[in-house]
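final_21.tsv (TSV, N, CA and C atoms)
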```tsv
chain	number	residue	atom	x	y	z
A	212	MET	N	-6.99	14.82	-1.47
A	212	MET	CA	-6.24	13.61	-1.76
A	212	MET	C	-7.13	12.66	-2.54
A	213	ASN	N	-6.57	12.06	-3.56
A	213	ASN	CA	-7.27	11.07	-4.37
A	213	ASN	C	-6.44	9.80	-4.39
A	214	PRO	N	-6.73	8.84	-3.51
A	214	PRO	CA	-5.95	7.61	-3.52
A	214	PRO	C	-6.00	6.95	-4.90
A	215	ARG	N	-4.86	6.46	-5.33
A	215	ARG	CA	-4.76	5.84	-6.66
A	215	ARG	C	-5.04	4.34	-6.54
A	216	ILE	N	-6.18	3.94	-7.05
A	216	ILE	CA	-6.60	2.55	-6.99
A	216	ILE	C	-6.52	1.98	-8.40
A	217	ILE	N	-5.97	0.78	-8.51
A	217	ILE	CA	-5.91	0.13	-9.82
A	217	ILE	C	-6.76	-1.14	-9.78
A	218	SER	N	-7.25	-1.51	-10.93
A	218	SER	CA	-7.93	-2.79	-11.08
A	218	SER	C	-6.88	-3.81	-11.49
A	219	ILE	N	-6.78	-4.86	-10.71
A	219	ILE	CA	-5.84	-5.93	-11.03
A	219	ILE	C	-6.54	-6.84	-12.05
A	220	LYS	N	-5.85	-7.10	-13.17
A	220	LYS	CA	-6.43	-7.93	-14.22
A	220	LYS	C	-6.82	-9.28	-13.66
A	221	ASN	N	-7.96	-9.78	-14.10
A	221	ASN	CA	-8.46	-11.05	-13.62
A	221	ASN	C	-8.97	-11.88	-14.79
A	222	ILE	N	-8.52	-13.12	-14.87
A	222	ILE	CA	-9.00	-14.05	-15.88
A	222	ILE	C	-9.79	-15.12	-15.14
A	223	HIS	N	-11.08	-15.23	-15.48
A	223	HIS	CA	-11.95	-16.18	-14.79
A	223	HIS	C	-12.24	-17.37	-15.69
A	224	ASP	N	-12.12	-18.56	-15.12
A	224	ASP	CA	-12.49	-19.79	-15.80
A	224	ASP	C	-13.41	-20.55	-14.85
A	225	GLU	N	-14.61	-20.83	-15.31
A	225	GLU	CA	-15.61	-21.48	-14.46
A	225	GLU	C	-15.09	-22.77	-13.83
A	226	ALA	N	-14.34	-23.54	-14.60
A	226	ALA	CA	-13.86	-24.83	-14.10
A	226	ALA	C	-12.58	-24.73	-13.27
A	227	GLU	N	-11.74	-23.74	-13.58
A	227	GLU	CA	-10.43	-23.67	-12.95
A	227	GLU	C	-10.23	-22.49	-12.01
A	228	GLY	N	-11.21	-21.62	-11.90
A	228	GLY	CA	-11.08	-20.49	-10.99
A	228	GLY	C	-10.51	-19.25	-11.64
A	229	ASP	N	-9.91	-18.41	-10.80
A	229	ASP	CA	-9.43	-17.10	-11.25
A	229	ASP	C	-7.91	-17.02	-11.21
A	230	LEU	N	-7.37	-16.26	-12.14
A	230	LEU	CA	-5.96	-15.91	-12.18
A	230	LEU	C	-5.91	-14.38	-12.24
A	231	SER	N	-5.29	-13.78	-11.25
A	231	SER	CA	-5.16	-12.31	-11.22
A	231	SER	C	-3.70	-11.96	-11.43
A	232	ILE	N	-3.45	-10.88	-12.18
A	232	ILE	CA	-2.08	-10.53	-12.56
A	232	ILE	C	-1.92	-9.03	-12.70
A	233	PHE	N	-0.72	-8.55	-12.33
A	233	PHE	CA	-0.31	-7.19	-12.66
A	233	PHE	C	1.16	-7.23	-12.99
A	234	GLU	N	1.60	-6.26	-13.78
A	234	GLU	CA	2.99	-6.19	-14.21
A	234	GLU	C	3.55	-4.82	-13.86
A	235	GLY	N	4.82	-4.79	-13.50
A	235	GLY	CA	5.48	-3.55	-13.14
A	235	GLY	C	6.10	-2.86	-14.33
A	236	SER	N	6.99	-1.91	-14.04
A	236	SER	CA	7.78	-1.20	-15.05
A	236	SER	C	6.94	-0.53	-16.12
A	237	GLY	N	5.88	0.16	-15.71
A	237	GLY	CA	5.10	0.94	-16.65
A	237	GLY	C	3.95	0.21	-17.30
A	238	HIS	N	3.80	-1.10	-17.11
A	238	HIS	CA	2.66	-1.80	-17.68
A	238	HIS	C	1.42	-1.50	-16.85
A	239	ASP	N	1.35	-2.05	-15.65
A	239	ASP	CA	0.22	-1.79	-14.75
A	239	ASP	C	0.64	-0.90	-13.59
A	240	LEU	N	1.91	-0.95	-13.25
A	240	LEU	CA	2.46	-0.16	-12.14
A	240	LEU	C	3.43	0.87	-12.68
A	241	PRO	N	3.52	2.01	-12.01
A	241	PRO	CA	4.43	3.06	-12.48
A	241	PRO	C	5.86	2.87	-11.98
A	242	PHE	N	6.21	1.66	-11.56
A	242	PHE	CA	7.55	1.40	-11.05
A	242	PHE	C	7.93	-0.06	-11.29
A	243	ALA	N	9.23	-0.31	-11.28
A	243	ALA	CA	9.74	-1.68	-11.34
A	243	ALA	C	9.65	-2.26	-9.93
A	244	ILE	N	9.29	-3.51	-9.84
A	244	ILE	CA	9.15	-4.16	-8.53
A	244	ILE	C	10.51	-4.72	-8.10
A	245	LYS	N	10.98	-4.27	-6.92
A	245	LYS	CA	12.25	-4.76	-6.38
A	245	LYS	C	12.05	-5.66	-5.16
A	246	ARG	N	10.84	-5.62	-4.58
A	246	ARG	CA	10.61	-6.41	-3.37
A	246	ARG	C	9.13	-6.73	-3.26
A	247	ILE	N	8.82	-7.94	-2.83
A	247	ILE	CA	7.44	-8.34	-2.55
A	247	ILE	C	7.42	-8.98	-1.17
A	248	TYR	N	6.44	-8.60	-0.38
A	248	TYR	CA	6.26	-9.25	0.91
A	248	TYR	C	4.79	-9.28	1.25
A	249	TYR	N	4.43	-10.07	2.25
A	249	TYR	CA	3.04	-10.14	2.68
A	249	TYR	C	2.97	-10.28	4.19
A	250	ILE	N	1.86	-9.79	4.74
A	250	ILE	CA	1.63	-9.78	6.18
A	250	ILE	C	0.38	-10.59	6.45
A	251	HIS	N	0.47	-11.55	7.37
A	251	HIS	CA	-0.65	-12.45	7.61
A	251	HIS	C	-0.67	-12.88	9.07
A	252	HIS	N	-1.71	-13.59	9.46
A	252	HIS	CA	-1.92	-14.03	10.85
A	252	HIS	C	-1.97	-12.85	11.81
A	253	VAL	N	-2.57	-11.77	11.37
A	253	VAL	CA	-2.70	-10.56	12.20
A	253	VAL	C	-4.08	-10.57	12.85
A	254	PRO	N	-4.16	-10.39	14.17
A	254	PRO	CA	-5.47	-10.39	14.84
A	254	PRO	C	-6.37	-9.25	14.33
A	255	VAL	N	-7.67	-9.54	14.23
A	255	VAL	CA	-8.65	-8.53	13.82
A	255	VAL	C	-8.55	-7.33	14.76
A	256	GLY	N	-8.63	-6.13	14.19
A	256	GLY	CA	-8.56	-4.90	14.96
A	256	GLY	C	-7.16	-4.34	15.10
A	257	THR	N	-6.15	-5.14	14.78
A	257	THR	CA	-4.77	-4.67	14.88
A	257	THR	C	-4.51	-3.60	13.83
A	258	VAL	N	-3.77	-2.57	14.23
A	258	VAL	CA	-3.33	-1.52	13.30
A	258	VAL	C	-1.82	-1.62	13.18
A	259	ARG	N	-1.36	-1.79	11.95
A	259	ARG	CA	0.07	-1.86	11.66
A	259	ARG	C	0.46	-0.65	10.82
A	260	GLY	N	1.72	-0.57	10.50
A	260	GLY	CA	2.21	0.54	9.69
A	260	GLY	C	2.68	1.66	10.59
A	261	GLY	N	1.99	2.79	10.50
A	261	GLY	CA	2.41	3.93	11.31
A	261	GLY	C	3.75	4.47	10.86
A	262	HIS	N	3.89	4.65	9.55
A	262	HIS	CA	5.13	5.19	9.01
A	262	HIS	C	4.89	5.73	7.60
A	263	ALA	N	5.90	6.41	7.09
A	263	ALA	CA	5.93	6.89	5.71
A	263	ALA	C	7.29	6.54	5.14
A	264	HIS	N	7.45	6.74	3.84
A	264	HIS	CA	8.73	6.51	3.18
A	264	HIS	C	9.15	7.77	2.45
A	265	LYS	N	10.45	8.00	2.39
A	265	LYS	CA	10.99	9.16	1.68
A	265	LYS	C	11.00	8.94	0.17
A	266	GLN	N	11.27	7.72	-0.28
A	266	GLN	CA	11.39	7.44	-1.71
A	266	GLN	C	10.51	6.30	-2.21
A	267	LEU	N	10.24	5.33	-1.37
A	267	LEU	CA	9.57	4.10	-1.76
A	267	LEU	C	8.13	4.33	-2.21
A	268	THR	N	7.74	3.65	-3.29
A	268	THR	CA	6.35	3.58	-3.74
A	268	THR	C	5.93	2.12	-3.66
A	269	GLN	N	4.65	1.88	-3.32
A	269	GLN	CA	4.18	0.52	-3.12
A	269	GLN	C	2.82	0.30	-3.79
A	270	LEU	N	2.56	-0.96	-4.11
A	270	LEU	CA	1.22	-1.41	-4.44
A	270	LEU	C	0.79	-2.33	-3.31
A	271	LEU	N	-0.36	-2.05	-2.70
A	271	LEU	CA	-0.93	-2.89	-1.65
A	271	LEU	C	-2.17	-3.56	-2.20
A	272	TRP	N	-2.33	-4.87	-1.92
A	272	TRP	CA	-3.55	-5.56	-2.29
A	272	TRP	C	-3.81	-6.66	-1.27
A	273	CYS	N	-5.07	-7.02	-1.17
A	273	CYS	CA	-5.52	-8.00	-0.17
A	273	CYS	C	-6.15	-9.18	-0.91
A	274	PRO	N	-5.38	-10.26	-1.12
A	274	PRO	CA	-5.93	-11.39	-1.86
A	274	PRO	C	-6.98	-12.17	-1.08
A	275	TYR	N	-7.00	-11.96	0.25
A	275	TYR	CA	-8.02	-12.62	1.08
A	275	TYR	C	-8.35	-11.73	2.27
A	276	GLY	N	-9.63	-11.51	2.52
A	276	GLY	CA	-10.05	-10.80	3.71
A	276	GLY	C	-10.41	-9.35	3.45
A	277	SER	N	-10.21	-8.55	4.49
A	277	SER	CA	-10.57	-7.13	4.43
A	277	SER	C	-9.63	-6.34	5.33
A	278	ILE	N	-8.98	-5.36	4.74
A	278	ILE	CA	-8.03	-4.50	5.45
A	278	ILE	C	-8.31	-3.07	5.02
A	279	THR	N	-8.42	-2.17	5.99
A	279	THR	CA	-8.61	-0.75	5.70
A	279	THR	C	-7.26	-0.05	5.77
A	280	ILE	N	-6.95	0.69	4.71
A	280	ILE	CA	-5.71	1.45	4.65
A	280	ILE	C	-6.04	2.90	4.95
A	281	LEU	N	-5.38	3.45	5.96
A	281	LEU	CA	-5.55	4.84	6.35
A	281	LEU	C	-4.37	5.62	5.78
A	282	LEU	N	-4.66	6.63	4.97
A	282	LEU	CA	-3.62	7.42	4.30
A	282	LEU	C	-3.65	8.87	4.79
A	283	ASP	N	-2.48	9.48	4.85
A	283	ASP	CA	-2.35	10.87	5.30
A	283	ASP	C	-1.17	11.47	4.55
A	284	ASP	N	-1.42	12.53	3.76
A	284	ASP	CA	-0.35	13.17	3.01
A	284	ASP	C	0.21	14.40	3.72
A	285	GLY	N	-0.17	14.58	4.97
A	285	GLY	CA	0.28	15.74	5.74
A	285	GLY	C	-0.74	16.85	5.75
A	286	THR	N	-1.69	16.81	4.82
A	286	THR	CA	-2.77	17.79	4.73
A	286	THR	C	-4.13	17.12	4.78
A	287	ASP	N	-4.31	16.14	3.92
A	287	ASP	CA	-5.58	15.42	3.82
A	287	ASP	C	-5.43	13.97	4.25
A	288	LYS	N	-6.57	13.39	4.65
A	288	LYS	CA	-6.59	11.98	5.05
A	288	LYS	C	-7.66	11.26	4.24
A	289	ALA	N	-7.43	9.96	4.02
A	289	ALA	CA	-8.38	9.14	3.29
A	289	ALA	C	-8.30	7.71	3.82
A	290	GLU	N	-9.37	6.97	3.59
A	290	GLU	CA	-9.41	5.55	3.92
A	290	GLU	C	-9.79	4.77	2.67
A	291	VAL	N	-9.10	3.65	2.47
A	291	VAL	CA	-9.41	2.77	1.34
A	291	VAL	C	-9.54	1.37	1.90
A	292	LYS	N	-10.65	0.72	1.58
A	292	LYS	CA	-10.85	-0.66	2.01
A	292	LYS	C	-10.40	-1.59	0.90
A	293	LEU	N	-9.47	-2.48	1.23
A	293	LEU	CA	-9.03	-3.52	0.31
A	293	LEU	C	-9.73	-4.79	0.74
A	294	ASP	N	-10.68	-5.24	-0.08
A	294	ASP	CA	-11.49	-6.39	0.29
A	294	ASP	C	-11.81	-7.30	-0.89
A	295	THR	N	-11.05	-7.16	-1.95
A	295	THR	CA	-11.18	-8.03	-3.12
A	295	THR	C	-9.79	-8.19	-3.73
A	296	PRO	N	-9.46	-9.37	-4.24
A	296	PRO	CA	-8.13	-9.57	-4.80
A	296	PRO	C	-7.88	-8.85	-6.13
A	297	THR	N	-8.88	-8.20	-6.67
A	297	THR	CA	-8.71	-7.49	-7.95
A	297	THR	C	-8.62	-5.98	-7.77
A	298	LYS	N	-8.40	-5.51	-6.54
A	298	LYS	CA	-8.25	-4.08	-6.29
A	298	LYS	C	-6.90	-3.85	-5.62
A	299	GLY	N	-6.14	-2.92	-6.16
A	299	GLY	CA	-4.85	-2.57	-5.59
A	299	GLY	C	-4.77	-1.09	-5.31
A	300	LEU	N	-3.97	-0.72	-4.33
A	300	LEU	CA	-3.80	0.67	-3.94
A	300	LEU	C	-2.33	1.04	-4.09
A	301	ILE	N	-2.07	2.05	-4.90
A	301	ILE	CA	-0.70	2.56	-5.03
A	301	ILE	C	-0.50	3.62	-3.96
A	302	VAL	N	0.54	3.42	-3.15
A	302	VAL	CA	0.88	4.35	-2.08
A	302	VAL	C	2.23	4.96	-2.43
A	303	GLU	N	2.19	6.25	-2.73
A	303	GLU	CA	3.40	6.97	-3.12
A	303	GLU	C	4.27	7.27	-1.90
A	304	HIS	N	5.48	7.74	-2.16
A	304	HIS	CA	6.37	8.16	-1.08
A	304	HIS	C	5.77	9.39	-0.38
A	305	ALA	N	6.27	9.71	0.78
A	305	ALA	CA	5.80	10.86	1.58
A	305	ALA	C	4.31	10.75	1.90
A	306	MET	N	3.86	9.53	2.16
A	306	MET	CA	2.46	9.28	2.51
A	306	MET	C	2.45	8.42	3.78
A	307	TRP	N	1.90	8.99	4.87
A	307	TRP	CA	1.77	8.23	6.10
A	307	TRP	C	0.69	7.17	5.89
A	308	ARG	N	0.96	5.93	6.36
A	308	ARG	CA	-0.01	4.87	6.17
A	308	ARG	C	-0.12	4.03	7.43
A	309	GLU	N	-1.37	3.61	7.66
A	309	GLU	CA	-1.67	2.64	8.71
A	309	GLU	C	-2.62	1.62	8.10
A	310	MET	N	-2.51	0.38	8.53
A	310	MET	CA	-3.34	-0.69	8.00
A	310	MET	C	-4.09	-1.34	9.15
A	311	ARG	N	-5.42	-1.42	9.02
A	311	ARG	CA	-6.26	-1.98	10.08
A	311	ARG	C	-6.91	-3.27	9.58
A	312	TRP	N	-6.65	-4.37	10.29
A	312	TRP	CA	-7.21	-5.67	9.93
A	312	TRP	C	-8.66	-5.75	10.35
A	313	GLU	N	-9.55	-6.01	9.37
A	313	GLU	CA	-10.99	-6.00	9.59
A	313	GLU	C	-11.60	-7.41	9.66
A	314	GLN	N	-10.90	-8.39	9.13
A	314	GLN	CA	-11.46	-9.75	9.04
A	314	GLN	C	-10.37	-10.76	9.39
A	315	GLU	N	-10.77	-11.79	10.12
A	315	GLU	CA	-9.83	-12.84	10.50
A	315	GLU	C	-9.26	-13.51	9.25
A	316	GLY	N	-7.97	-13.77	9.28
A	316	GLY	CA	-7.31	-14.45	8.17
A	316	GLY	C	-6.90	-13.54	7.02
A	317	SER	N	-7.12	-12.24	7.16
A	317	SER	CA	-6.78	-11.32	6.06
A	317	SER	C	-5.29	-11.33	5.79
A	318	VAL	N	-4.96	-11.17	4.51
A	318	VAL	CA	-3.57	-11.15	4.06
A	318	VAL	C	-3.34	-9.85	3.29
A	319	LEU	N	-2.28	-9.12	3.65
A	319	LEU	CA	-1.91	-7.91	2.92
A	319	LEU	C	-0.62	-8.19	2.16
A	320	CYS	N	-0.66	-8.02	0.84
A	320	CYS	CA	0.51	-8.20	-0.01
A	320	CYS	C	1.01	-6.82	-0.45
A	321	VAL	N	2.33	-6.72	-0.60
A	321	VAL	CA	2.95	-5.44	-0.97
A	321	VAL	C	4.02	-5.68	-2.02
A	322	ALA	N	3.94	-4.92	-3.12
A	322	ALA	CA	5.01	-4.87	-4.12
A	322	ALA	C	5.66	-3.50	-3.97
A	323	ALA	N	6.98	-3.49	-3.79
A	323	ALA	CA	7.69	-2.25	-3.48
A	323	ALA	C	8.68	-1.88	-4.58
A	324	SER	N	8.87	-0.58	-4.74
A	324	SER	CA	9.75	-0.06	-5.79
A	324	SER	C	11.23	-0.13	-5.43
A	325	GLU	N	11.52	-0.38	-4.16
A	325	GLU	CA	12.92	-0.37	-3.70
A	325	GLU	C	13.19	-1.56	-2.79
A	326	PHE	N	14.46	-1.89	-2.63
A	326	PHE	CA	14.86	-2.88	-1.65
A	326	PHE	C	14.70	-2.27	-0.26
A	327	TYR	N	14.65	-3.10	0.76
A	327	TYR	CA	14.50	-2.60	2.13
A	327	TYR	C	15.67	-1.69	2.48
A	328	ASP	N	15.34	-0.53	3.05
A	328	ASP	CA	16.34	0.44	3.49
A	328	ASP	C	15.76	1.19	4.69
A	329	GLU	N	16.21	0.87	5.87
A	329	GLU	CA	15.67	1.48	7.09
A	329	GLU	C	15.75	3.01	7.05
A	330	SER	N	16.77	3.57	6.38
A	330	SER	CA	16.91	5.03	6.35
A	330	SER	C	15.83	5.71	5.52
A	331	ASP	N	15.06	4.94	4.75
A	331	ASP	CA	13.97	5.49	3.94
A	331	ASP	C	12.69	5.68	4.78
A	332	TYR	N	12.63	5.07	5.94
A	332	TYR	CA	11.42	5.12	6.78
A	332	TYR	C	11.37	6.40	7.60
A	333	ILE	N	10.15	6.93	7.77
A	333	ILE	CA	9.86	7.99	8.73
A	333	ILE	C	8.85	7.36	9.69
A	334	ARG	N	9.27	7.08	10.92
A	334	ARG	CA	8.44	6.33	11.86
A	334	ARG	C	7.79	7.19	12.93
A	335	ASP	N	8.09	8.47	12.93
A	335	ASP	CA	7.52	9.39	13.91
A	335	ASP	C	6.61	10.38	13.17
A	336	TYR	N	5.36	10.53	13.62
A	336	TYR	CA	4.40	11.36	12.90
A	336	TYR	C	4.83	12.82	12.86
A	337	ASP	N	5.38	13.35	13.95
A	337	ASP	CA	5.85	14.75	13.95
A	337	ASP	C	6.99	14.94	12.95
A	338	ALA	N	7.89	13.96	12.88
A	338	ALA	CA	8.98	14.03	11.90
A	338	ALA	C	8.42	13.96	10.48
A	339	PHE	N	7.37	13.17	10.28
A	339	PHE	CA	6.70	13.11	8.97
A	339	PHE	C	6.13	14.47	8.59
A	340	GLN	N	5.44	15.11	9.53
A	340	GLN	CA	4.87	16.45	9.27
A	340	GLN	C	5.97	17.43	8.88
A	341	ALA	N	7.08	17.40	9.60
A	341	ALA	CA	8.21	18.29	9.30
A	341	ALA	C	8.79	17.98	7.92
A	342	TYR	N	8.89	16.69	7.58
A	342	TYR	CA	9.42	16.27	6.28
A	342	TYR	C	8.53	16.79	5.15
A	343	VAL	N	7.22	16.65	5.30
A	343	VAL	CA	6.28	17.11	4.27
A	343	VAL	C	6.42	18.63	4.08
A	344	LYS	N	6.50	19.38	5.18
A	344	LYS	CA	6.65	20.84	5.08
A	344	LYS	C	7.96	21.21	4.40
A	345	GLN	N	9.03	20.49	4.72
A	345	GLN	CA	10.33	20.75	4.10
A	345	GLN	C	10.27	20.45	2.60
A	346	GLN	N	9.63	19.35	2.20
A	346	GLN	CA	9.54	19.00	0.79
A	346	GLN	C	8.72	20.01	0.01
A	347	ALA	N	7.72	20.60	0.64
A	347	ALA	CA	6.86	21.60	-0.02
A	347	ALA	C	7.66	22.86	-0.34
A	348	LYS	N	8.70	23.15	0.42
A	348	LYS	CA	9.51	24.34	0.21
A	348	LYS	C	10.54	24.17	-0.90
A	349	LEU	N	10.84	22.92	-1.27
A	349	LEU	CA	11.84	22.67	-2.30
A	349	LEU	C	11.30	23.03	-3.69
A	350	PRO	N	12.21	23.54	-4.55
A	350	PRO	CA	11.75	23.88	-5.91
A	350	PRO	C	11.38	22.69	-6.75
```

Take the structure in this file and express it as structure tokens.
Amino acid sequence: MNPRIISIKNIHDEAEGDLSIFEGSGHDLPFAIKRIYYIHHVPVGTVRGGHAHKQLTQLLWCPYGSITILLDDGTDKAEVKLDTPTKGLIVEHAMWREMRWEQEGSVLCVAASEFYDESDYIRDYDAFQAYVKQQAKLP
């Protein structure tokens, strides 16, 4: 597994600070953004996520703090630390993910390719394993 990490464009001005930007629809992201949300005020050590998506693709970035993303494609596992606002992680569909808060005050932002749809979630790890095996058999 090779997690797909992107560099988020950053414009630095000594007097005014930094402006970071990314664009969807094939510019910086391989998808159009249909939803943005963020998770904050999470106690250090908390693990969230514990699910996969059937269709949804996401960009995860941490504009403040440090969050470790645990990825599992059903065969291989990887960890990616998001600890700078100029690093983003693209998480494709059929990828189990967990997010572990490493620093107080950390914020996780997510840009998603689809609107919220509960039927797109796989929340049970055994069901995820079965889904991955089924998808591997498809032509």

TODO: Quick one: pick out all strand (DSSP E) residues within chain A from a backbone DSSP run and write them as an MDAnalysis selection string.
DONE: chainID A and resid 215:218 220:224 228:232 246:250 258:264 269:275 278:283 288:293 298:302 307:312 318:323 332:333

- [ ] Figure out the distance between atom C of A:Ala323 and atom N of A:Gln269, please, to one decimal in Å.
- [x] 5.7 Å

Task: Close residues, A:Tyr332 itself excluded, 5 Å, only N, CA and C atoms, min 3 positions apart in chain, as number ranges by chain - done: A: 263-264, 329

Open item on the list: Under the rule that only C-alpha atoms are counted, which of A:Phe233, A:Tyr275, A:Tyr249, A:Phe242 is the nearest residue to A:Glu303?
Closed with: A:Phe242

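Atom CA of A:Ala289 sits 21.6 Å away from atom CA of A:Ile250.
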
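The interatomic distance for the pair atom CA of A:Gly237 and atom CA of A:Asn213 works out to 20.2 Å.
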
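With only N, CA and C atoms as the atoms that count, the residue of A:Val255, A:Arg334, A:Met306, A:Ser317 with the shortest distance to A:Gly276 is A:Ser317.
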